[in-house]
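> So I've got this file, coords.txt, and it contains compact mmCIF, C-alpha atoms:
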# COMPACT_ATOMS: atom_id res chain seq x y z
CA MET C 100 0.00 0.00 0.00
CA VAL C 101 2.81 2.32 0.84
CA LEU C 102 4.67 1.54 -2.36
CA GLY C 103 1.55 2.12 -4.48
CA TRP C 104 0.97 5.47 -2.83
CA ARG C 105 4.55 6.50 -3.50
CA ARG C 106 4.29 5.55 -7.15
CA ARG C 107 1.11 7.50 -7.63
CA SER C 108 2.65 10.44 -5.83
CA SER C 109 5.74 10.21 -8.03
CA THR C 110 3.65 9.99 -11.18
CA THR C 111 1.55 12.96 -10.13
CA SER C 112 4.67 15.08 -9.46
CA HIS C 113 6.14 14.20 -12.88
CA ARG C 114 2.88 15.23 -14.56
CA ALA C 115 2.85 18.50 -12.65
CA ALA C 116 6.45 19.21 -13.67
CA ALA C 117 5.65 18.46 -17.29
CA ALA C 118 2.63 20.74 -17.13
CA LYS C 119 4.83 23.53 -15.83
CA LYS C 120 7.19 23.14 -18.76
CA GLN C 121 4.37 23.50 -21.29
CA PRO C 122 3.73 27.20 -21.88
CA SER C 123 0.18 28.39 -21.51
CA PRO C 124 -1.09 31.20 -23.74
CA GLY C 125 -0.72 33.60 -20.85
CA ASN C 126 2.93 32.62 -20.25
CA LEU C 127 4.14 32.96 -23.83
CA ASP C 128 7.33 35.02 -24.06
CA MET C 129 8.75 37.21 -26.80
CA ASP C 130 11.92 35.10 -26.64
CA GLN C 131 9.96 32.18 -28.14
CA LEU C 132 8.90 34.28 -31.14
CA VAL C 133 11.00 34.32 -34.30
CA ILE C 134 10.35 37.27 -36.61
CA PRO C 135 10.86 36.39 -40.30
CA LYS C 136 14.01 38.10 -41.57
CA HIS C 137 12.29 39.62 -44.59
CA PHE C 138 9.93 41.45 -42.18
CA LEU C 139 12.87 43.36 -40.65
CA CYS C 140 14.23 46.65 -41.98
CA PRO C 141 17.88 46.21 -43.08
CA ILE C 142 18.74 49.58 -41.46
CA SER C 143 16.96 49.55 -38.09
CA LEU C 144 16.56 45.73 -37.82
CA ASP C 145 13.06 46.39 -36.47
CA LEU C 146 9.74 45.10 -37.75
CA MET C 147 8.77 47.25 -40.74
CA LYS C 148 5.58 49.29 -40.46
CA ASP C 149 5.63 50.96 -43.87
CA PRO C 150 7.83 48.92 -46.25
CA VAL C 151 8.93 50.72 -49.41
CA THR C 152 11.15 49.55 -52.27
CA LEU C 153 13.95 51.65 -53.81
CA SER C 154 15.23 51.60 -57.38
CA SER C 155 17.89 49.09 -56.23
CA GLY C 156 15.13 46.55 -55.52
CA ILE C 157 15.74 46.46 -51.74
CA THR C 158 12.87 47.08 -49.33
CA TYR C 159 13.24 49.28 -46.23
CA ASP C 160 10.98 50.83 -43.62
CA ARG C 161 9.99 54.29 -44.90
CA GLN C 162 11.10 56.18 -41.78
CA SER C 163 14.55 54.54 -41.73
CA ILE C 164 15.33 55.11 -45.40
CA ASP C 165 13.99 58.68 -45.16
CA THR C 166 16.50 59.39 -42.42
CA TRP C 167 19.27 57.75 -44.45
CA LEU C 168 18.58 59.82 -47.56
CA GLU C 169 18.13 63.09 -45.64
CA ALA C 170 21.60 62.59 -44.17
CA GLY C 171 23.02 63.04 -47.69
CA ASN C 172 23.50 59.39 -48.62
CA PHE C 173 22.88 58.59 -52.29
CA LYS C 174 23.63 54.85 -52.26
CA CYS C 175 21.51 51.85 -51.33
CA PRO C 176 22.62 50.78 -47.80
CA VAL C 177 22.55 47.06 -48.70
CA THR C 178 23.87 46.92 -52.29
CA ASN C 179 25.98 50.12 -52.11
CA GLN C 180 24.68 51.01 -55.58
CA VAL C 181 24.12 54.66 -56.50
CA LEU C 182 20.36 55.18 -56.59
CA ARG C 183 19.00 56.18 -60.00
CA ASN C 184 16.17 58.07 -58.30
CA PHE C 185 14.73 58.53 -54.82
CA ASP C 186 11.27 57.17 -55.57
CA MET C 187 9.87 54.99 -52.79
CA ILE C 188 7.35 52.44 -54.05
CA PRO C 189 5.08 51.05 -51.29
CA ASN C 190 5.44 47.26 -50.98
CA HIS C 191 1.77 46.45 -50.35
CA THR C 192 2.23 42.67 -50.54
CA LEU C 193 4.91 42.62 -47.85
CA ARG C 194 2.95 45.05 -45.66
CA THR C 195 -0.13 42.78 -45.88
CA MET C 196 1.99 39.77 -44.87
CA ILE C 197 3.43 41.71 -41.90
CA GLN C 198 -0.06 42.78 -40.81
CA GLU C 199 -1.38 39.19 -40.99
CA TRP C 200 1.63 37.86 -39.09
CA SER C 201 1.35 40.53 -36.36
CA SER C 202 -2.39 39.79 -35.96
CA GLN C 203 -1.69 36.07 -35.54
CA ASN C 204 0.99 36.74 -32.91
CA GLN C 205 -0.77 39.28 -30.73
CA ARG C 206 -0.63 36.80 -27.82
CA PHE C 207 3.13 37.39 -27.80
CA GLY C 208 2.60 41.11 -27.27
CA ILE C 209 2.98 42.03 -30.94
CA GLN C 210 0.77 44.96 -31.88
CA ARG C 211 -0.97 44.84 -35.22
CA VAL C 212 0.81 47.06 -37.75
CA PRO C 213 -1.70 49.71 -38.90
CA THR C 214 -2.13 50.59 -42.55
CA PRO C 215 0.12 53.65 -43.07
CA ARG C 216 -1.20 56.83 -44.57
CA VAL C 217 0.10 57.51 -48.05
CA PRO C 218 2.42 60.57 -47.96
CA ILE C 219 1.27 63.52 -49.97
CA MET C 220 2.92 64.34 -53.28
CA ALA C 221 4.26 67.69 -54.44
CA VAL C 222 1.53 67.85 -57.10
CA GLU C 223 -1.19 67.63 -54.45
CA VAL C 224 0.42 70.44 -52.43
CA SER C 225 0.74 72.62 -55.55
CA GLU C 226 -2.93 72.09 -56.37
CA ILE C 227 -4.13 73.04 -52.90
CA LEU C 228 -1.86 76.10 -52.81
CA TYR C 229 -3.22 77.20 -56.20
CA SER C 230 -6.70 76.82 -54.76
CA ILE C 231 -5.76 79.03 -51.76
CA THR C 232 -4.33 81.70 -54.07
CA ALA C 233 -7.47 81.66 -56.22
CA SER C 234 -9.73 81.87 -53.16
CA ALA C 235 -7.72 84.80 -51.80
CA ARG C 236 -8.14 86.69 -55.09
CA ARG C 237 -11.92 86.14 -54.98
CA VAL C 238 -11.97 86.75 -51.21
CA ASP C 239 -13.75 83.38 -50.92
CA GLN C 240 -13.77 82.57 -47.20
CA ASN C 241 -15.27 79.08 -47.40
CA GLY C 242 -13.05 77.86 -50.21
CA CYS C 243 -9.88 79.15 -48.55
CA LEU C 244 -10.87 77.78 -45.13
CA GLU C 245 -11.44 74.32 -46.57
CA SER C 246 -8.04 74.32 -48.28
CA VAL C 247 -6.20 75.60 -45.19
CA GLN C 248 -7.82 72.95 -42.99
CA ARG C 249 -6.73 70.31 -45.51
CA ILE C 250 -3.13 71.53 -45.22
CA LYS C 251 -3.36 71.36 -41.42
CA LYS C 252 -4.71 67.79 -41.68
CA TRP C 253 -1.82 66.75 -43.94
CA ALA C 254 0.71 68.36 -41.60
CA GLY C 255 -0.71 66.43 -38.67
CA GLU C 256 -0.02 63.12 -40.43
CA GLY C 257 3.76 63.32 -40.14
CA ASP C 258 7.00 65.22 -40.61
CA ARG C 259 7.39 63.98 -44.18
CA ASN C 260 4.17 65.75 -45.15
CA LYS C 261 5.32 68.90 -43.35
CA ARG C 262 8.57 68.95 -45.32
CA CYS C 263 6.71 68.47 -48.59
CA ILE C 264 4.33 71.34 -47.74
CA VAL C 265 7.15 73.74 -46.82
CA GLU C 266 9.36 72.81 -49.78
CA ASN C 267 6.55 73.71 -52.18
CA GLY C 268 6.29 77.29 -50.90
CA ALA C 269 3.26 77.02 -48.63
CA ALA C 270 4.51 79.69 -46.20
CA SER C 271 4.49 82.54 -48.73
CA VAL C 272 1.13 81.46 -50.20
CA LEU C 273 -0.50 81.32 -46.76
CA ALA C 274 1.07 84.65 -45.78
CA SER C 275 -0.28 86.20 -48.99
CA ALA C 276 -3.76 84.87 -48.22
CA PHE C 277 -3.48 86.17 -44.64
CA ASP C 278 -2.64 89.64 -45.97
CA ALA C 279 -5.48 89.54 -48.51
CA PHE C 280 -8.19 88.58 -46.00
CA ALA C 281 -6.80 90.93 -43.32
CA SER C 282 -7.02 93.76 -45.86
CA ASP C 283 -10.64 92.82 -46.58
CA GLY C 284 -11.56 93.17 -42.89
CA VAL C 285 -10.09 91.75 -39.69
CA LYS C 286 -13.35 91.23 -37.82
CA LYS C 287 -15.18 89.86 -40.85
CA ASN C 288 -12.42 87.34 -41.66
CA GLY C 289 -11.11 86.79 -38.13
CA ARG C 290 -11.75 83.03 -37.94
CA LEU C 291 -10.15 82.37 -41.33
CA CYS C 292 -7.11 84.52 -40.51
CA GLU C 293 -6.72 82.60 -37.26
CA GLU C 294 -6.79 79.28 -39.15
CA ILE C 295 -4.18 80.55 -41.62
CA LEU C 296 -1.95 81.76 -38.78
CA SER C 297 -2.31 78.41 -37.03
CA ALA C 298 -1.23 76.60 -40.22
CA LEU C 299 1.68 79.03 -40.60
CA SER C 300 2.89 78.65 -37.01
CA TRP C 301 5.13 75.61 -37.60
CA MET C 302 6.40 76.94 -40.96
CA LEU C 303 8.04 80.07 -39.48
CA PHE C 304 11.13 78.27 -38.17
CA PRO C 305 14.06 78.53 -38.45
CA SER C 306 13.61 81.66 -40.58
CA LEU C 307 11.19 83.40 -42.92
CA ASP C 308 11.81 83.89 -46.62
CA GLU C 309 11.61 87.44 -47.97
CA GLU C 310 8.22 86.99 -49.64
CA THR C 311 6.62 85.68 -46.45
CA GLN C 312 8.17 88.57 -44.50
CA LYS C 313 6.72 91.05 -47.00
CA TYR C 314 3.16 89.76 -46.59
CA LEU C 315 3.30 89.32 -42.81
CA GLY C 316 4.93 92.74 -42.44
CA SER C 317 2.18 94.62 -44.30
CA HIS C 318 0.04 97.12 -42.39
CA ALA C 319 -3.06 94.96 -42.74
CA SER C 320 -1.30 91.80 -41.50
CA LEU C 321 0.25 93.60 -38.53
CA ASP C 322 -3.16 95.11 -37.63
CA CYS C 323 -4.61 91.61 -37.65
CA LEU C 324 -1.78 90.18 -35.50
CA VAL C 325 -2.23 92.96 -32.93
CA TRP C 326 -6.00 92.37 -33.00
CA PHE C 327 -5.37 88.73 -32.05
CA LEU C 328 -3.06 89.87 -29.24
CA LYS C 329 -5.87 92.00 -27.83
CA GLY C 330 -8.26 89.02 -27.74
CA GLU C 331 -9.58 88.18 -24.28
CA LYS C 332 -9.93 84.38 -24.36
CA ASP C 333 -8.03 82.72 -27.21
CA LEU C 334 -4.60 81.93 -25.74
CA LEU C 335 -3.46 79.91 -28.77
CA GLY C 336 -4.26 82.81 -31.11
CA LYS C 337 -2.20 85.15 -28.92
CA GLN C 338 0.69 82.69 -28.88
CA ASN C 339 0.70 82.21 -32.66
CA SER C 340 0.54 85.99 -33.18
CA ILE C 341 3.38 86.87 -30.80
CA LEU C 342 5.57 84.10 -32.28
CA ALA C 343 4.88 85.40 -35.79
CA LEU C 344 5.87 88.90 -34.68
CA LYS C 345 9.02 87.58 -33.04
CA GLU C 346 10.12 85.73 -36.20
CA LEU C 347 9.26 88.73 -38.38
CA LEU C 348 11.27 91.18 -36.26
CA SER C 349 14.19 88.75 -35.86
CA SER C 350 14.95 88.85 -39.59
CA CYS C 351 18.29 90.47 -40.32
CA ASN C 352 17.18 92.80 -43.13
CA ASP C 353 15.31 96.04 -43.74
CA GLN C 354 11.93 94.31 -43.51
CA ASN C 355 12.05 94.13 -39.71
CA LYS C 356 12.72 97.88 -39.48
CA ARG C 357 9.75 98.58 -41.74
CA ALA C 358 7.63 96.28 -39.58
CA VAL C 359 8.71 98.17 -36.44
CA GLU C 360 7.73 101.47 -38.09
CA ALA C 361 4.34 100.04 -39.03
CA LEU C 362 3.77 98.69 -35.51
CA ALA C 363 4.60 102.12 -34.08
CA GLU C 364 1.51 103.45 -35.84
CA ILE C 365 -0.77 100.89 -34.16
CA GLU C 366 -2.17 102.03 -30.84
CA GLY C 367 -1.66 100.00 -27.68
CA VAL C 368 1.16 97.66 -28.76
CA SER C 369 3.52 98.63 -25.92
CA LYS C 370 0.75 98.20 -23.29
CA ILE C 371 -0.18 94.75 -24.64
CA LEU C 372 3.41 93.52 -24.46
CA PHE C 373 3.87 95.08 -21.00
CA ASP C 374 0.82 93.17 -19.74
CA PHE C 375 2.04 89.90 -21.30
CA ILE C 376 5.36 90.18 -19.44
CA LYS C 377 3.74 91.25 -16.19
CA GLY C 378 0.90 88.72 -16.31
CA LYS C 379 3.13 85.74 -17.22
CA VAL C 380 0.29 84.19 -19.21
CA SER C 381 2.57 81.42 -20.46
CA MET C 382 6.31 80.91 -20.67
CA THR C 383 6.26 80.87 -24.48
CA ILE C 384 4.33 84.14 -24.70
CA THR C 385 6.52 85.82 -22.06
CA LYS C 386 9.77 84.86 -23.81
CA ALA C 387 8.47 85.91 -27.22
CA SER C 388 7.15 89.21 -25.80
CA LEU C 389 10.53 90.08 -24.30
CA THR C 390 12.22 89.35 -27.64
CA VAL C 391 9.71 91.55 -29.49
CA VAL C 392 10.22 94.36 -26.94
CA PHE C 393 13.97 94.17 -27.49
CA TYR C 394 13.63 94.70 -31.25
CA LEU C 395 11.06 97.47 -30.78
CA VAL C 396 13.22 99.49 -28.36
CA SER C 397 16.33 98.83 -30.47
CA PHE C 398 14.90 100.23 -33.71
CA SER C 399 12.31 102.77 -32.59
CA GLU C 400 12.75 105.87 -30.46
CA LYS C 401 8.96 106.11 -30.23
CA PHE C 402 8.65 102.62 -28.74
CA ARG C 403 11.56 103.27 -26.38
CA SER C 404 9.81 106.34 -24.99
CA ALA C 405 6.46 104.52 -24.81
CA PHE C 406 7.90 101.65 -22.77
CA LEU C 407 9.79 104.00 -20.45
CA GLU C 408 6.60 105.98 -19.83
CA ILE C 409 4.91 102.88 -18.41
CA ASP C 410 7.96 102.14 -16.21
CA VAL C 411 9.18 99.04 -18.02
CA VAL C 412 12.52 99.15 -16.15
CA SER C 413 10.84 98.29 -12.84
CA LEU C 414 8.94 95.45 -14.53
CA LEU C 415 12.16 94.08 -16.04
CA LEU C 416 13.94 94.16 -12.67
CA GLU C 417 11.07 92.27 -11.03
CA THR C 418 11.14 89.76 -13.89
CA ILE C 419 14.92 89.30 -13.61
CA PHE C 420 14.68 88.85 -9.85
CA ASP C 421 12.18 85.98 -9.91
CA SER C 422 12.02 84.08 -13.23
CA GLU C 423 13.48 81.02 -14.88
CA ASN C 424 16.76 81.31 -16.79
CA GLY C 425 15.37 81.78 -20.31
CA ILE C 426 13.12 84.65 -19.27
CA THR C 427 15.86 86.19 -17.10
CA GLU C 428 18.29 86.25 -20.05
CA ARG C 429 15.79 88.03 -22.30
CA ALA C 430 14.82 90.55 -19.61
CA LEU C 431 18.51 91.35 -19.03
CA TYR C 432 18.94 91.77 -22.79
CA VAL C 433 16.13 94.35 -22.92
CA LEU C 434 17.38 96.19 -19.81
CA ASP C 435 20.91 96.36 -21.22
CA CYS C 436 19.47 97.86 -24.42
CA LEU C 437 17.49 100.48 -22.48
CA CYS C 438 20.65 101.51 -20.61
CA ASP C 439 21.99 102.83 -23.93
CA CYS C 440 19.75 105.89 -23.64
CA LYS C 441 19.78 108.58 -21.01
CA GLU C 442 16.10 108.16 -20.07
CA GLY C 443 16.56 104.42 -19.54
CA ARG C 444 19.58 104.96 -17.29
CA GLU C 445 17.69 107.56 -15.27
CA GLN C 446 14.94 105.05 -14.51
CA ALA C 447 17.56 102.46 -13.61
CA TYR C 448 19.35 104.89 -11.26
CA ALA C 449 16.03 105.70 -9.57
CA ASN C 450 15.26 102.05 -8.78
CA ALA C 451 16.94 100.66 -5.66
CA LEU C 452 16.88 97.11 -7.07
CA THR C 453 18.94 97.85 -10.19
CA ILE C 454 22.53 97.32 -9.03
CA PRO C 455 21.85 94.55 -6.45
CA VAL C 456 19.81 92.52 -8.97
CA LEU C 457 22.30 92.98 -11.84
CA VAL C 458 25.31 92.06 -9.71
CA LYS C 459 23.43 89.10 -8.23
CA LYS C 460 22.90 87.61 -11.71
CA ILE C 461 26.61 87.70 -12.62
CA LEU C 462 27.91 84.09 -12.66
CA ARG C 463 24.53 82.88 -11.43
CA VAL C 464 22.34 82.15 -14.47
CA SER C 465 24.30 81.62 -17.69
CA GLU C 466 27.14 83.10 -19.69
CA MET C 467 24.72 85.24 -21.71
CA ALA C 468 23.09 86.55 -18.53
CA THR C 469 26.54 87.36 -17.12
CA GLU C 470 27.45 89.31 -20.27
CA TYR C 471 24.22 91.34 -20.24
CA SER C 472 24.49 92.03 -16.50
CA ILE C 473 28.09 93.27 -16.77
CA SER C 474 27.21 95.36 -19.82
CA ALA C 475 24.30 97.06 -18.03
CA VAL C 476 26.36 97.75 -14.88
CA TRP C 477 29.20 99.09 -17.04
CA LYS C 478 26.88 101.51 -18.85
CA LEU C 479 25.38 102.73 -15.57
CA CYS C 480 28.76 103.23 -13.87
CA LYS C 481 30.49 104.73 -16.89
CA ASN C 482 27.76 107.33 -17.48
CA ALA C 483 27.12 108.17 -13.83
CA THR C 484 27.25 111.87 -12.94
CA ARG C 485 28.47 113.17 -9.59
CA GLN C 486 24.94 112.87 -8.21
CA GLU C 487 24.73 109.27 -9.47
CA GLU C 488 28.16 108.08 -8.28
CA ARG C 489 26.41 106.20 -5.49
CA VAL C 490 25.90 103.35 -7.98
CA LEU C 491 29.66 102.71 -7.85
CA VAL C 492 29.58 102.51 -4.07
CA GLU C 493 26.48 100.33 -4.18
CA ALA C 494 28.11 97.96 -6.67
CA LEU C 495 31.09 97.52 -4.34
CA GLN C 496 28.81 96.91 -1.37
CA VAL C 497 27.06 94.01 -3.11
CA GLY C 498 30.31 92.31 -4.17
CA ALA C 499 30.74 93.48 -7.76
CA PHE C 500 34.54 93.85 -7.53
CA GLN C 501 35.14 90.21 -6.51
CA LYS C 502 32.74 88.88 -9.12
CA LEU C 503 34.38 90.88 -11.89
CA LEU C 504 37.79 89.49 -10.89
CA LEU C 505 36.36 85.99 -11.12
CA VAL C 506 34.85 86.76 -14.53
CA LEU C 507 38.30 87.72 -15.80
CA GLN C 508 39.80 84.54 -14.34
CA VAL C 509 37.25 81.90 -15.34
CA ARG C 510 35.56 83.42 -18.38
CA CYS C 511 37.13 84.58 -21.62
CA ALA C 512 33.91 85.79 -23.19
CA GLY C 513 35.27 88.41 -25.53
CA GLU C 514 32.59 88.15 -28.22
CA TYR C 515 30.52 90.96 -26.74
CA GLY C 516 33.45 92.86 -25.23
CA THR C 517 32.61 91.50 -21.77
CA LYS C 518 36.25 91.15 -20.77
CA ASP C 519 37.03 94.77 -21.70
CA LYS C 520 33.93 96.01 -19.89
CA ALA C 521 34.84 94.04 -16.76
CA THR C 522 38.35 95.48 -16.82
CA GLU C 523 37.08 99.04 -17.20
CA LEU C 524 34.53 98.49 -14.43
CA LEU C 525 37.30 97.37 -12.07
CA LYS C 526 39.19 100.59 -12.81
CA LEU C 527 36.05 102.65 -12.14
CA LEU C 528 35.32 100.85 -8.87
CA ASN C 529 38.86 100.73 -7.52
CA PRO C 530 38.99 104.31 -6.08
CA TYR C 531 35.88 103.63 -3.96
CA ARG C 532 37.01 100.29 -2.48
CA ALA C 533 38.30 101.38 0.92
CA GLY C 534 36.05 99.90 3.60
CA LEU C 535 33.11 99.33 1.29
CA GLU C 536 33.45 95.78 -0.02
CA CYS C 537 31.03 93.08 0.94
CA ILE C 538 31.47 89.48 -0.23
CA GLU C 539 28.53 87.11 -0.42
CA SER C 540 30.18 83.73 -0.10
CA VAL C 541 27.23 81.80 -1.50
CA ASP C 542 27.96 83.31 -4.93
CA PHE C 543 31.33 81.54 -5.11
CA LYS C 544 30.59 78.06 -3.74
CA SER C 545 29.92 76.52 -7.16
CA ILE C 546 32.09 78.72 -9.35
CA ARG C 547 33.62 75.70 -11.14
CA ARG C 548 30.21 74.35 -12.07
CA SER C 549 29.48 74.57 -15.80
CA PHE C 550 26.61 76.74 -16.92
Could you write out this file's structure as structure tokens?


Amino acid sequence: MVLGWRRRSSTTSHRAAAAKKQPSPGNLDMDQLVIPKHFLCPISLDLMKDPVTLSSGITYDRQSIDTWLEAGNFKCPVTNQVLRNFDMIPNHTLRTMIQEWSSQNQRFGIQRVPTPRVPIMAVEVSEILYSITASARRVDQNGCLESVQRIKKWAGEGDRNKRCIVENGAASVLASAFDAFASDGVKKNGRLCEEILSALSWMLFPSLDEETQKYLGSHASLDCLVWFLKGEKDLLGKQNSILALKELLSSCNDQNKRAVEALAEIEGVSKILFDFIKGKVSMTITKASLTVVFYLVSFSEKFRSAFLEIDVVSLLLETIFDSENGITERALYVLDCLCDCKEGREQAYANALTIPVLVKKILRVSEMATEYSISAVWKLCKNATRQEERVLVEALQVGAFQKLLLVLQVRCAGEYGTKDKATELLKLLNPYRAGLECIESVDFKSIRRSF
């Protein structure tokens, strides 16, 4: 009886062990799955999602071969043959096989490969842009809106479509349409202009071509952009408008100066930008607003006076004191620019925060922030009258002398003349040093740390 029980027990344990070795559908592992080699892209060695065949006869995943060709390679990666053309023919048969295989192996964690969208062709883009141009001539709102929304839909389907749209001159066509409908009436065509600006928003980088600048810089277009900035609720419209202004004014040609002159004729621009910086609606809008303010005060005496009248220096100092690095850099840039004029320096002298905040930001934020801070302090100290010489004493009291010595030792930033300005500042401060220096040790604890 005992032996029989042992045998049955032994048999039962062997069966249990064998059952453990057999994988159940829930225990299947990716290691047990073998992906057919012809399903793998020769470049990425991953399962292909959108197989395309080149003129060499080799099939690749579209994304991988796109990256290869964009890098300037003109040969087939497998055969090393020079490609006769760059046409990519979709391999529908292979894609169908991959989809069927992935559906059958979903229990292994394989996701079914979706049917890829067919990339747009240059001919399609040209047709839709022609349609937009024709609609703009007829001032046909509905026709233009439909075409613009189609462009936005294409752009949302992938970077390849975006490149095709931009390469076929969509930016200038959309800018022309924006100008045409803005000229016809901002309020009447507000929704359409907003759609056009939204489609343009990702086409404005890294720079605008001259034709696009011309249309966006027209009086009607600038009126429309400012109208969007004045809107009460639409944050995205404000963001697209301020970014368009920033890109327009950042252009290194005469067009940005003409745009500044045109903006100077529009009422309320300085107040809108002041409120954007003060309200901190969003980081993107704040940064773009500070950049726009810099160009406005750089090229326009009228804007410089307008901003100084609403006490922009105090706002900039508050912004510099308590903001993240990107915003601080831009605010310092604007303040340094305002210190070029007598009125700007007078406001800076009158504010008790000016020297302490500027000296505090030296070697604290970034190299650019250090350069702007030193430049602003240099302008204030160099142009100080006898009544304003207290700024030299104040700079010494907050540790400017020691920081400037460190700048000369650990930084060789000569691109903006920072080294020369630091040297001249030391000479200006030296006669006032006796018994006035104050060192804040926390500023020097991490001096070796990279910015």

> Could you state the separation of atom CA of Arg161 of chain C and atom CA of Arg206 of chain C in Å, given to one decimal place?

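If I compute the distance from atom CA of Arg161 of chain C to atom CA of Arg206 of chain C, I get 26.7 Å.
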
> One decimal, in Å: what's the spacing between atom CA of Asn267 of chain C and atom CA of Gly289 of chain C?

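So the answer is 26.1 Å.
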
> Neighbouring residues of Glu470 of chain C were defined as those with any atom within 12 Å, considering only C-alpha atoms; residues of the same chain fewer than 5 positions away were excluded. Please report them as a PyMOL selection string.

chain C and resi 428-429+431-432+435+457-458+460-465+475-477+503+506-507+510-521

> Report, in Å to a single decimal, how far apart atom CA of Glu423 of chain C and atom CA of Met467 of chain C are.

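Taking atom CA of Met467 of chain C and atom CA of Glu423 of chain C, their separation equals 13.8 Å.
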
> Which residue gives the smallest distance to Asp165 of chain C among C:Arg262, C:Lys345, C:Lys401, C:Lys377, with only C-alpha atoms counted?

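Using only C-alpha atoms, Asp165 of chain C sits closest to C:Arg262.
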